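J.: Contents of structure_21.cif (mmCIF, C-alpha atoms):
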```
data_protein
loop_
_atom_site.label_atom_id
_atom_site.label_comp_id
_atom_site.auth_asym_id
_atom_site.auth_seq_id
_atom_site.Cartn_x
_atom_site.Cartn_y
_atom_site.Cartn_z
CA MET A 469 0.00 0.00 0.00
CA THR A 470 1.52 3.30 -1.07
CA ILE A 471 -0.03 6.38 0.52
CA PRO A 472 -1.45 8.59 -1.06
CA TYR A 473 -1.95 6.19 -3.99
CA HIS A 474 -3.72 3.59 -1.87
CA LEU A 475 -7.45 4.21 -2.34
CA THR A 476 -9.51 2.33 -4.90
CA LYS A 477 -12.25 4.12 -6.81
CA ALA A 478 -14.96 2.90 -4.42
CA GLU A 479 -13.00 4.12 -1.40
CA LYS A 480 -11.82 7.40 -2.86
CA ALA A 481 -14.90 8.78 -4.62
CA PRO A 482 -17.16 9.34 -1.57
CA LEU A 483 -14.34 10.87 0.51
CA LEU A 484 -13.25 13.25 -2.21
CA LEU A 485 -16.81 14.13 -3.18
CA GLU A 486 -17.62 15.17 0.38
CA LYS A 487 -14.59 17.44 0.52
CA LEU A 488 -15.27 18.98 -2.90
CA ASN A 489 -18.90 19.59 -2.05
CA GLY A 490 -17.72 21.31 1.12
CA LEU A 491 -15.45 23.54 -0.95
CA THR A 492 -18.14 24.38 -3.52
CA ASN A 493 -20.39 25.45 -0.67
CA LEU A 494 -17.61 27.44 1.00
CA HIS A 495 -16.68 29.35 -2.16
CA PHE A 496 -20.33 29.86 -3.07
CA GLU A 497 -20.67 31.55 0.30
CA LYS A 498 -17.44 33.55 0.23
CA SER A 499 -16.83 34.56 -3.37
CA PRO A 500 -19.56 36.60 -5.07
CA GLN A 501 -18.05 36.02 -8.52
CA TYR A 502 -17.96 32.30 -7.99
CA ARG A 503 -21.49 32.30 -6.67
CA SER A 504 -22.74 34.17 -9.69
CA MET A 505 -21.05 31.72 -12.05
CA ILE A 506 -22.49 28.71 -10.28
CA GLU A 507 -25.96 30.24 -10.21
CA LYS A 508 -25.88 31.24 -13.86
CA GLY A 509 -24.42 27.91 -14.90
CA GLY A 510 -27.35 26.19 -13.23
CA PHE A 511 -25.06 23.93 -11.21
CA GLN A 512 -26.04 22.04 -8.08
CA ILE A 513 -23.69 23.14 -5.31
CA THR A 514 -23.91 19.77 -3.63
CA ALA A 515 -23.10 17.20 -6.28
CA SER A 516 -24.19 13.57 -6.21
CA GLN A 517 -21.05 12.34 -7.96
CA LEU A 518 -17.60 13.66 -8.84
CA GLU A 519 -18.55 14.27 -12.48
CA LYS A 520 -21.28 16.65 -11.30
CA VAL A 521 -19.08 18.90 -9.17
CA PRO A 522 -19.31 22.36 -10.78
CA PHE A 523 -16.18 23.37 -12.67
CA ILE A 524 -14.91 26.68 -13.95
CA PRO A 525 -12.38 27.26 -16.74
CA VAL A 526 -8.87 27.78 -15.48
CA GLN A 527 -8.51 30.85 -17.75
CA LEU A 528 -10.92 32.73 -15.47
CA PHE A 529 -8.10 33.32 -12.99
CA LYS A 530 -6.49 35.42 -15.71
CA LEU A 531 -9.58 37.53 -16.13
CA MET A 532 -10.60 38.26 -12.56
CA ASP A 533 -9.45 38.13 -8.96
CA LEU A 534 -11.13 35.08 -7.51
CA VAL A 535 -10.59 34.95 -3.79
CA SER A 536 -12.60 33.55 -0.88
CA VAL A 537 -10.83 35.12 2.08
CA PRO A 538 -10.45 38.75 3.17
CA LYS A 539 -7.44 40.32 1.46
CA GLU A 540 -5.66 40.83 4.79
CA GLU A 541 -5.50 37.05 5.27
CA VAL A 542 -3.63 36.58 2.00
CA ILE A 543 0.01 35.76 2.72
CA LYS A 544 1.19 34.81 -0.75
CA VAL A 545 0.15 35.44 -4.34
CA LEU A 546 1.08 32.94 -7.05
CA THR A 547 1.13 34.05 -10.65
CA SER A 548 1.21 32.00 -13.82
CA SER A 549 3.44 33.07 -16.63
CA GLY A 550 0.98 31.97 -19.29
CA THR A 551 1.72 32.20 -22.97
CA THR A 552 3.50 35.33 -24.10
CA GLY A 553 1.20 38.29 -24.33
CA GLN A 554 -1.51 36.75 -22.21
CA GLN A 555 -2.68 38.04 -18.89
CA VAL A 556 -1.43 36.16 -15.84
CA SER A 557 -3.44 34.17 -13.35
CA LYS A 558 -3.38 35.37 -9.79
CA ILE A 559 -3.88 32.82 -7.05
CA TYR A 560 -4.38 34.12 -3.52
CA LEU A 561 -3.20 31.92 -0.67
CA ASP A 562 -3.93 32.25 3.00
CA LYS A 563 -1.90 30.52 5.67
CA GLU A 564 -4.10 27.43 5.82
CA THR A 565 -4.15 26.75 2.07
CA SER A 566 -0.46 27.47 1.74
CA ILE A 567 0.43 25.01 4.51
CA ALA A 568 -1.93 22.38 3.09
CA GLN A 569 -0.22 22.71 -0.30
CA THR A 570 3.25 22.24 1.16
CA LYS A 571 2.21 19.23 3.24
CA THR A 572 0.36 17.59 0.38
CA LEU A 573 3.25 17.99 -2.01
CA VAL A 574 5.42 16.14 0.50
CA GLU A 575 2.89 13.29 0.72
CA VAL A 576 2.50 13.09 -3.05
CA MET A 577 6.24 12.91 -3.66
CA LYS A 578 7.24 10.74 -0.72
CA PRO A 579 6.80 7.41 -2.54
CA LEU A 580 9.45 8.57 -5.02
CA LEU A 581 11.73 10.71 -2.88
CA GLY A 582 11.45 9.16 0.59
CA GLY A 583 11.55 11.07 3.88
CA LYS A 584 15.27 11.89 3.98
CA ARG A 585 16.29 15.17 2.40
CA LEU A 586 18.66 14.70 -0.51
CA PRO A 587 21.42 16.98 -1.76
CA MET A 588 19.51 19.09 -4.29
CA ILE A 589 20.37 20.80 -7.52
CA ILE A 590 17.83 23.25 -8.84
CA LEU A 591 18.15 23.57 -12.61
CA ASP A 592 17.13 27.20 -12.57
CA THR A 593 18.30 30.57 -11.32
CA LYS A 594 17.93 31.83 -7.78
CA SER A 595 16.54 35.10 -9.06
CA VAL A 596 13.09 33.56 -9.57
CA LEU A 597 12.67 33.80 -5.80
CA LYS A 598 13.55 37.49 -5.56
CA ASP A 599 10.09 38.68 -4.68
CA ARG A 600 9.06 37.15 -1.37
CA LYS A 601 5.33 37.82 -1.48
CA SER A 602 4.55 37.04 -5.08
CA PHE A 603 5.77 33.89 -6.76
CA SER A 604 5.77 32.81 -10.35
CA ALA A 605 4.86 29.23 -11.19
CA ARG A 606 8.58 28.53 -11.33
CA GLY A 607 9.25 30.10 -7.95
CA ALA A 608 6.34 28.27 -6.33
CA GLY A 609 7.57 24.96 -7.73
CA ILE A 610 11.13 25.49 -6.58
CA LEU A 611 10.01 26.54 -3.13
CA GLY A 612 7.69 23.56 -2.73
CA PHE A 613 10.25 21.03 -3.85
CA SER A 614 13.06 22.58 -1.83
CA ASN A 615 11.66 20.87 1.25
CA PHE A 616 12.93 17.57 -0.11
CA GLY A 617 16.44 18.88 -0.50
CA ARG A 618 19.39 20.16 1.48
CA LYS A 619 22.48 22.05 0.42
CA HIS A 620 20.46 23.60 -2.41
CA PHE A 621 22.51 24.55 -5.41
CA TYR A 622 21.18 26.67 -8.28
CA ALA A 623 22.76 25.50 -11.52
CA LEU A 624 21.97 28.61 -13.58
CA ASN A 625 23.46 32.06 -13.14
CA ASP A 626 21.15 35.07 -13.29
CA ASP A 627 21.88 35.49 -17.00
CA MET A 628 20.73 31.87 -17.54
CA SER A 629 24.23 30.61 -18.26
CA LEU A 630 25.20 27.31 -16.71
CA ASP A 631 27.39 27.57 -13.62
CA ILE A 632 29.54 24.72 -14.84
CA GLU A 633 32.30 25.13 -12.29
CA GLY A 634 29.89 25.24 -9.37
CA LEU A 635 28.05 22.27 -10.77
CA GLU A 636 31.16 20.16 -11.16
CA ASN A 637 32.29 20.98 -7.63
CA TYR A 638 28.87 20.08 -6.26
CA LEU A 639 28.75 16.77 -8.11
CA GLU A 640 32.23 15.97 -6.85
CA GLU A 641 31.29 16.78 -3.27
CA TYR A 642 28.19 14.57 -3.31
CA LYS A 643 29.59 11.84 -5.48
CA GLY A 644 28.08 8.45 -4.68
CA GLN A 645 25.03 10.02 -3.01
CA ARG A 646 21.56 10.17 -4.42
CA ILE A 647 20.96 13.71 -5.64
CA LEU A 648 17.60 15.35 -6.25
CA LEU A 649 17.38 17.39 -9.43
CA PHE A 650 14.45 19.70 -9.93
CA GLY A 651 13.51 22.05 -12.69
CA PHE A 652 11.18 23.05 -15.46
CA THR A 653 11.09 20.95 -18.59
CA PHE A 654 11.87 23.72 -21.04
CA MET A 655 14.54 25.36 -18.87
CA ILE A 656 16.33 22.03 -18.47
CA TRP A 657 16.17 21.41 -22.19
CA GLN A 658 17.26 24.87 -23.26
CA TYR A 659 19.77 25.94 -20.63
CA VAL A 660 21.15 22.70 -19.26
CA TYR A 661 20.94 20.03 -21.95
CA LYS A 662 21.49 22.13 -25.09
CA GLU A 663 24.12 24.25 -23.41
CA SER A 664 26.09 21.19 -22.26
CA LEU A 665 25.86 19.74 -25.73
CA LYS A 666 26.99 22.96 -27.38
CA LYS A 667 29.88 23.58 -25.02
CA GLY A 668 30.87 19.93 -24.89
CA TYR A 669 30.49 19.72 -21.10
CA LYS A 670 30.79 16.17 -19.82
CA LEU A 671 28.58 15.93 -16.77
CA ASP A 672 27.59 12.87 -14.81
CA PHE A 673 24.77 13.42 -12.38
CA GLY A 674 25.35 9.98 -10.93
CA ASP A 675 22.64 8.32 -8.87
CA SER A 676 20.23 11.19 -9.29
CA ILE A 677 16.48 11.53 -9.66
CA LEU A 678 15.09 14.32 -11.79
CA ILE A 679 11.63 15.74 -11.16
CA HIS A 680 10.42 18.17 -13.80
CA GLY A 681 7.21 19.85 -14.86
CA GLY A 682 5.80 22.90 -16.56
CA GLY A 683 4.61 21.45 -19.83
CA TRP A 684 5.94 20.31 -23.16
CA LYS A 685 4.63 23.02 -25.45
CA LYS A 686 7.96 24.57 -26.38
CA LEU A 687 9.61 21.17 -26.77
CA GLU A 688 6.88 19.96 -29.07
CA ASP A 689 7.87 22.75 -31.42
CA GLU A 690 11.27 21.09 -31.57
CA ALA A 691 9.66 17.66 -31.92
CA VAL A 692 11.02 16.41 -28.59
CA ASP A 693 8.75 14.00 -26.76
CA ALA A 694 9.12 12.54 -23.28
CA SER A 695 11.03 9.43 -24.25
CA THR A 696 13.49 11.41 -26.42
CA PHE A 697 13.94 13.89 -23.58
CA ASN A 698 14.66 11.12 -21.07
CA GLN A 699 17.05 9.36 -23.42
CA LEU A 700 19.03 12.48 -24.31
CA LEU A 701 19.31 13.55 -20.67
CA HIS A 702 20.56 10.10 -19.84
CA ASP A 703 23.14 10.09 -22.63
CA GLN A 704 24.43 13.63 -22.20
CA LEU A 705 24.10 14.16 -18.46
CA GLY A 706 23.95 10.66 -17.03
CA ILE A 707 20.55 11.28 -15.44
CA ARG A 708 19.15 7.84 -14.80
CA GLU A 709 15.73 8.38 -13.27
CA VAL A 710 13.29 10.97 -14.59
CA HIS A 711 9.75 11.73 -13.45
CA ASN A 712 7.61 14.34 -15.13
CA TYR A 713 4.70 15.88 -13.27
CA TYR A 714 1.52 17.61 -14.37
CA GLY A 715 0.45 20.51 -12.23
CA MET A 716 -0.48 24.13 -12.45
CA VAL A 717 -0.18 27.23 -10.35
CA GLU A 718 -3.97 27.18 -9.89
CA GLN A 719 -3.68 23.86 -8.01
CA VAL A 720 -0.30 23.78 -6.32
CA GLY A 721 0.38 20.84 -4.00
CA SER A 722 -1.90 18.15 -5.35
CA ILE A 723 0.17 17.46 -8.44
CA PHE A 724 0.13 14.39 -10.65
CA VAL A 725 3.47 12.67 -10.90
CA GLU A 726 4.70 9.88 -13.14
CA CYS A 727 5.06 6.45 -11.58
CA SER A 728 7.76 3.93 -12.47
CA GLU A 729 5.74 3.07 -15.59
CA GLY A 730 5.79 6.67 -16.80
CA HIS A 731 2.07 7.26 -16.17
CA LEU A 732 0.74 10.34 -14.40
CA HIS A 733 -1.21 9.32 -11.29
CA THR A 734 -3.96 10.88 -9.24
CA PRO A 735 -3.26 10.90 -5.47
CA SER A 736 -6.09 10.55 -2.96
CA TYR A 737 -6.31 14.37 -2.62
CA ALA A 738 -7.06 14.97 -6.28
CA ASP A 739 -8.64 13.57 -9.40
CA VAL A 740 -8.97 14.14 -13.12
CA ILE A 741 -11.99 13.87 -15.39
CA ILE A 742 -11.73 13.97 -19.18
CA ARG A 743 -14.47 15.93 -20.95
CA ASP A 744 -15.55 16.34 -24.53
CA SER A 745 -14.18 19.69 -25.73
CA LEU A 746 -17.49 20.78 -27.23
CA THR A 747 -20.21 19.30 -25.05
CA PHE A 748 -18.16 19.06 -21.81
CA GLU A 749 -19.71 15.65 -21.18
CA PRO A 750 -17.40 13.27 -19.29
CA LEU A 751 -15.62 10.80 -21.57
CA GLN A 752 -14.75 7.17 -20.98
CA ASN A 753 -11.25 5.96 -20.23
CA GLY A 754 -9.20 5.75 -23.42
CA LYS A 755 -10.88 8.77 -25.05
CA GLN A 756 -9.00 12.03 -25.44
CA GLY A 757 -10.56 15.26 -24.27
CA LEU A 758 -10.14 18.31 -22.07
CA ILE A 759 -8.67 17.64 -18.65
CA GLN A 760 -10.65 18.74 -15.61
CA VAL A 761 -8.63 18.78 -12.39
CA LEU A 762 -10.13 18.35 -8.94
CA SER A 763 -8.30 19.07 -5.70
CA GLU A 764 -9.37 19.16 -2.08
CA LEU A 765 -6.79 21.84 -1.18
CA PRO A 766 -8.00 25.25 -2.45
CA LYS A 767 -9.80 27.00 0.40
CA SER A 768 -8.69 30.60 -0.09
CA TYR A 769 -9.71 30.71 -3.76
CA PRO A 770 -12.34 28.77 -5.74
CA GLY A 771 -9.91 26.51 -7.59
CA HIS A 772 -10.98 23.06 -6.44
CA SER A 773 -12.57 22.09 -9.74
CA LEU A 774 -11.07 23.52 -12.93
CA LEU A 775 -11.42 22.80 -16.59
CA THR A 776 -7.97 23.16 -18.12
CA GLU A 777 -6.92 23.96 -21.68
CA ASP A 778 -5.00 20.70 -21.85
CA LEU A 779 -5.91 17.55 -23.70
CA GLY A 780 -5.38 14.20 -22.09
CA MET A 781 -6.59 10.66 -21.79
CA ILE A 782 -7.25 8.38 -18.83
CA LEU A 783 -5.41 5.12 -19.39
CA GLY A 784 -7.00 3.20 -16.56
CA GLU A 785 -7.98 3.23 -12.91
CA ASP A 786 -6.65 1.24 -9.93
CA ASP A 787 -4.81 -1.23 -12.19
CA CYS A 788 -1.54 0.43 -13.22
CA PRO A 789 1.25 -2.18 -13.32
CA CYS A 790 3.26 0.05 -10.92
CA GLY A 791 0.89 -0.95 -8.12
CA TRP A 792 -0.42 2.53 -7.29
CA LYS A 793 -4.20 2.91 -7.17
CA GLY A 794 -6.23 5.77 -8.64
CA LYS A 795 -6.61 7.00 -12.18
CA TYR A 796 -3.55 7.10 -14.38
CA PHE A 797 -3.41 9.25 -17.46
CA ASN A 798 -1.35 11.11 -20.01
CA VAL A 799 -1.34 14.68 -21.27
CA ALA A 800 -1.26 15.27 -25.01
CA GLY A 801 -0.75 19.03 -25.00
CA ARG A 802 -2.82 22.16 -25.39
CA ILE A 803 -6.09 22.28 -27.22
CA PRO A 804 -5.78 24.16 -30.54
CA LYS A 805 -6.51 27.88 -30.17
CA ALA A 806 -9.66 28.02 -32.29
CA GLU A 807 -11.41 25.36 -30.26
CA LEU A 808 -10.24 26.99 -27.08
CA ARG A 809 -11.79 30.30 -27.97
CA GLY A 810 -15.02 28.45 -28.49
CA CYS A 811 -15.01 27.03 -25.03
CA SER A 812 -13.91 30.09 -23.11
CA ASP A 813 -16.50 32.17 -24.94
CA THR A 814 -19.12 29.80 -23.67
CA PHE A 815 -17.98 30.35 -20.11
CA GLN A 816 -17.38 34.07 -20.32
CA GLY A 817 -20.81 34.41 -21.83
CA GLY A 818 -22.09 32.61 -18.77
CA VAL A 819 -20.35 34.96 -16.40
CA GLU A 820 -21.29 38.20 -18.03
CA SER A 821 -24.86 37.52 -19.07
CA MET B 965 23.85 26.61 25.76
CA ASN B 966 22.10 24.96 22.84
CA GLU B 967 19.05 27.06 23.56
CA GLN B 968 21.05 30.23 23.11
CA LYS B 969 22.74 28.80 20.03
CA LEU B 970 19.34 28.02 18.48
CA ARG B 971 18.03 31.46 19.40
CA THR B 972 20.96 33.07 17.63
CA ILE B 973 20.39 30.89 14.56
CA PHE B 974 16.73 31.94 14.50
CA ALA B 975 17.56 35.61 14.89
CA GLU B 976 20.23 35.57 12.20
CA SER B 977 18.34 33.41 9.70
CA LEU B 978 15.17 35.45 10.04
CA GLY B 979 16.95 38.75 10.39
CA ILE B 980 15.23 39.75 13.64
CA GLU B 981 16.35 40.79 17.14
CA GLU B 982 17.05 37.89 19.52
CA SER B 983 14.52 39.34 21.94
CA ARG B 984 11.78 38.58 19.40
CA VAL B 985 12.66 34.87 19.37
CA THR B 986 10.17 33.69 21.98
CA GLU B 987 8.92 30.14 22.64
CA ASP B 988 5.78 30.70 20.61
CA LEU B 989 7.30 32.58 17.71
CA THR B 990 5.37 31.01 14.80
CA TYR B 991 6.07 30.37 11.14
CA ASN B 992 4.21 32.72 8.79
CA SER B 993 3.05 34.87 11.72
CA ILE B 994 5.69 37.53 11.04
CA PRO B 995 6.77 38.65 7.56
CA GLU B 996 10.40 37.75 8.36
CA TRP B 997 9.63 34.05 8.88
CA ASP B 998 8.28 33.14 5.46
CA SER B 999 8.95 30.05 3.37
CA ILE B 1000 12.23 31.38 1.99
CA ALA B 1001 13.57 32.33 5.41
CA HIS B 1002 12.47 28.89 6.60
CA MET B 1003 14.83 27.26 4.08
CA ALA B 1004 17.71 29.39 5.33
CA LEU B 1005 16.80 28.58 8.94
CA ILE B 1006 16.73 24.82 8.33
CA SER B 1007 19.99 24.87 6.48
CA GLU B 1008 21.65 26.86 9.29
CA ILE B 1009 20.31 24.43 11.90
CA ASP B 1010 21.63 21.47 9.90
CA ASP B 1011 25.04 23.11 9.63
CA GLN B 1012 25.40 24.30 13.20
CA PHE B 1013 24.00 21.25 14.98
CA ASP B 1014 25.36 18.84 12.40
CA THR B 1015 21.93 17.32 11.84
CA MET B 1016 20.13 16.20 8.71
CA LEU B 1017 16.49 16.93 9.44
CA ASP B 1018 13.90 14.74 7.71
CA THR B 1019 11.44 16.35 5.29
CA GLU B 1020 8.57 15.92 7.79
CA ASP B 1021 10.53 17.72 10.49
CA VAL B 1022 11.25 20.64 8.17
CA LEU B 1023 7.50 21.10 7.82
CA GLU B 1024 6.75 20.48 11.49
CA MET B 1025 9.21 23.07 12.71
CA SER B 1026 6.62 25.80 13.00
CA THR B 1027 7.57 27.44 16.33
CA PHE B 1028 10.73 28.01 18.32
CA ALA B 1029 9.47 25.59 20.99
CA LYS B 1030 8.72 22.98 18.31
CA ALA B 1031 12.24 23.39 16.94
CA LYS B 1032 13.71 22.40 20.31
CA GLU B 1033 11.36 19.43 20.52
CA ILE B 1034 12.36 18.23 17.05
CA LEU B 1035 16.06 18.76 17.63
CA ALA B 1036 15.84 16.67 20.80
CA LYS B 1037 15.00 13.71 18.53
CA TYR B 1038 18.35 14.30 16.86
CA ASP B 1039 20.14 14.12 20.22
CA VAL B 1040 20.52 17.85 20.67
CA GLN B 1041 20.09 18.49 24.42
CA PHE B 1042 18.22 21.49 25.75
#
```
Would you write the structure of this file as structure tokens?
T.:
Amino acid sequence: MTIPYHLTKAEKAPLLLEKLNGLTNLHFEKSPQYRSMIEKGGFQITASQLEKVPFIPVQLFKLMDLVSVPKEEVIKVLTSSGTTGQQVSKIYLDKETSIAQTKTLVEVMKPLLGGKRLPMIILDTKSVLKDRKSFSARGAGILGFSNFGRKHFYALNDDMSLDIEGLENYLEEYKGQRILLFGFTFMIWQYVYKESLKKGYKLDFGDSILIHGGGWKKLEDEAVDASTFNQLLHDQLGIREVHNYYGMVEQVGSIFVECSEGHLHTPSYADVIIRDSLTFEPLQNGKQGLIQVLSELPKSYPGHSLLTEDLGMILGEDDCPCGWKGKYFNVAGRIPKAELRGCSDTFQGGVES
Amino acid sequence: MNEQKLRTIFAESLGIEESRVTEDLTYNSIPEWDSIAHMALISEIDDQFDTMLDTEDVLEMSTFAKAKEILAKYDVQF
């Protein structure tokens, strides 16, 4: 039994449903904008099954401040970078939600990383943490994962160049130990892998485990998929174990991480539902559609049930060969822009009318 | 002695006066003790007491009193 991947569908659904219904009711009470959306959408605030929990499009956090606590209780604001030119999401965290996110991330990652902090290399620059009240998606990720590490070393200088000397010294110092590597998929590709290749750096990260997230969009443009990425990182940098995760700044903490089989898994705190991109009806396992993410963590903002702009497919439930329970799935990328406009129009129409 | 040592570590890592480091000084209750300062604090504790705190203990260390309690598990006497 591997907590938090231990609950079967029959065990998980009623527990999660009760928590999500509690959150829908809470946000309905506390956030006028959320209330108005739920009312206009004709949703039931207490759902009879997970598929009926009201959901809002994740893009809404870019369009308005959605917050369910008084502003003076907000201790941290997370912002998404979004695609160039787009507005950013703002996610308001109070103490309780922030602590719940940190604790949950630890639970979610423990089966892979264990309880002992590992020497940690962050494949990014320290400057992403400059502002202490407002964090980008990158900053929030680094901060959350830093709890698993000690002797944190940032591999990139502020100008994004690789600190090769520092890196070599660090690897020498911790030689023979398991090292935690953390970073964002594109940053690793662009500033660590490509740079090492170009400069002819010979690095061996030894017995390390790499956790990375942030999406594949920019790598798809270069026709690099997950297995190519893993292979090249292994060949060039000697990184032997790689786990991608799927998560977003709108639902920090309850992320979906790849198991030993390379499948993204839902922990007991969270779930995914795949919906048809036009009708929003739930789809069966094995069908590709829009990913809806559910999380029991968001209390300070109404982000417990969000329809994303990502396409994915549920591969199965409770029967992954890795032994973890829960749904396991893959992410195929972003929905094409034209279709997307269609679906956000539908929702914005709902809000404004 | 260790109590004073820990108090100094707290004060220096958080950048506050030692007099403000009371038993019930709590994480996130003052702007100086935020998640970034917490990282610096943990790393200073590890260095100075020669410990290697577990992930759970990093999260549990939410007050000065709690820090002493946790460090006792690592054979640091108070």
J.: Mind telling me what the PyMOL selection byres ((chain B) within 9 of (chain A)) catches here, as a list of chain:residue names?
T.: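 That expression, the PyMOL selection byres ((chain B) within 9 of (chain A)), corresponds here to B:Asn992, B:Ser993, B:Pro995, B:Asp998, B:Ser999, B:Ile1000, B:Met1003, B:Ile1006, B:Ser1007, B:Asp1010, B:Met1016, B:Leu1017, B:Asp1018, B:Thr1019, B:Glu1020, B:Val1022, B:Leu1023.
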J.: Got a sec: who's within 7 Å of segment 671-673 of chain A, counting all atoms listed in the file, leaving out chain neighbours fewer than 3 positions off, as a ChimeraX atom specification?
T.: /A:639,676,705-707
J.: I'd like to see the residues matched by the PyMOL selection byres ((chain A and resi 559) around 12) on this file, and ideally I'd get them as a VMD selection string.
T.: chain A and resid 526 to 537 539 542 to 548 556 to 558 560 to 562 565 to 566 601 to 605 608 716 to 720 766 to 771
J.: Dump C-alpha atoms for the selected residues as a compact mmCIF listing (two decimals), in the coordinates of the input?
T.:
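Output contents, as saved in again10.txt:
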```
# COMPACT_ATOMS: atom_id res chain seq x y z
CA VAL A 526 -8.87 27.78 -15.48
CA GLN A 527 -8.51 30.85 -17.75
CA LEU A 528 -10.92 32.73 -15.47
CA PHE A 529 -8.10 33.32 -12.99
CA LYS A 530 -6.49 35.42 -15.71
CA LEU A 531 -9.58 37.53 -16.13
CA MET A 532 -10.60 38.26 -12.56
CA ASP A 533 -9.45 38.13 -8.96
CA LEU A 534 -11.13 35.08 -7.51
CA VAL A 535 -10.59 34.95 -3.79
CA SER A 536 -12.60 33.55 -0.88
CA VAL A 537 -10.83 35.12 2.08
CA LYS A 539 -7.44 40.32 1.46
CA VAL A 542 -3.63 36.58 2.00
CA ILE A 543 0.01 35.76 2.72
CA LYS A 544 1.19 34.81 -0.75
CA VAL A 545 0.15 35.44 -4.34
CA LEU A 546 1.08 32.94 -7.05
CA THR A 547 1.13 34.05 -10.65
CA SER A 548 1.21 32.00 -13.82
CA VAL A 556 -1.43 36.16 -15.84
CA SER A 557 -3.44 34.17 -13.35
CA LYS A 558 -3.38 35.37 -9.79
CA TYR A 560 -4.38 34.12 -3.52
CA LEU A 561 -3.20 31.92 -0.67
CA ASP A 562 -3.93 32.25 3.00
CA THR A 565 -4.15 26.75 2.07
CA SER A 566 -0.46 27.47 1.74
CA LYS A 601 5.33 37.82 -1.48
CA SER A 602 4.55 37.04 -5.08
CA PHE A 603 5.77 33.89 -6.76
CA SER A 604 5.77 32.81 -10.35
CA ALA A 605 4.86 29.23 -11.19
CA ALA A 608 6.34 28.27 -6.33
CA MET A 716 -0.48 24.13 -12.45
CA VAL A 717 -0.18 27.23 -10.35
CA GLU A 718 -3.97 27.18 -9.89
CA GLN A 719 -3.68 23.86 -8.01
CA VAL A 720 -0.30 23.78 -6.32
CA PRO A 766 -8.00 25.25 -2.45
CA LYS A 767 -9.80 27.00 0.40
CA SER A 768 -8.69 30.60 -0.09
CA TYR A 769 -9.71 30.71 -3.76
CA PRO A 770 -12.34 28.77 -5.74
CA GLY A 771 -9.91 26.51 -7.59
```
J.: Could you jot down the atom CA of Pro735 of chain A to atom CA of Lys793 of chain A separation for me, Å, one decimal place?
T.: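 Those two atoms sit 8.2 Å apart.
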J.: Could you pull the residues within 9 Å of Ser595 of chain A, counting only C-alpha atoms, minus those fewer than 4 positions along the same chain, as a list in words?
T.: Asp599, Gly607, Asn625 and Asp626 of chain A
J.: Which protein, DNA or RNA residues have an atom at most 10 Å from (7.2, 31.2, 24.5), counting only C-alpha atoms? List them as a PDB file with C-alpha atoms, keeping the file's coordinate frame.
T.:
```pdb
ATOM      1  CA  VAL B 985      12.660  34.870  19.370  1.00  0.00           C
ATOM      2  CA  THR B 986      10.170  33.690  21.980  1.00  0.00           C
ATOM      3  CA  GLU B 987       8.920  30.140  22.640  1.00  0.00           C
ATOM      4  CA  ASP B 988       5.780  30.700  20.610  1.00  0.00           C
ATOM      5  CA  LEU B 989       7.300  32.580  17.710  1.00  0.00           C
ATOM      6  CA  THR B 990       5.370  31.010  14.800  1.00  0.00           C
ATOM      7  CA  THR B1027       7.570  27.440  16.330  1.00  0.00           C
ATOM      8  CA  PHE B1028      10.730  28.010  18.320  1.00  0.00           C
ATOM      9  CA  ALA B1029       9.470  25.590  20.990  1.00  0.00           C
TER      10      ALA B1029
END
```
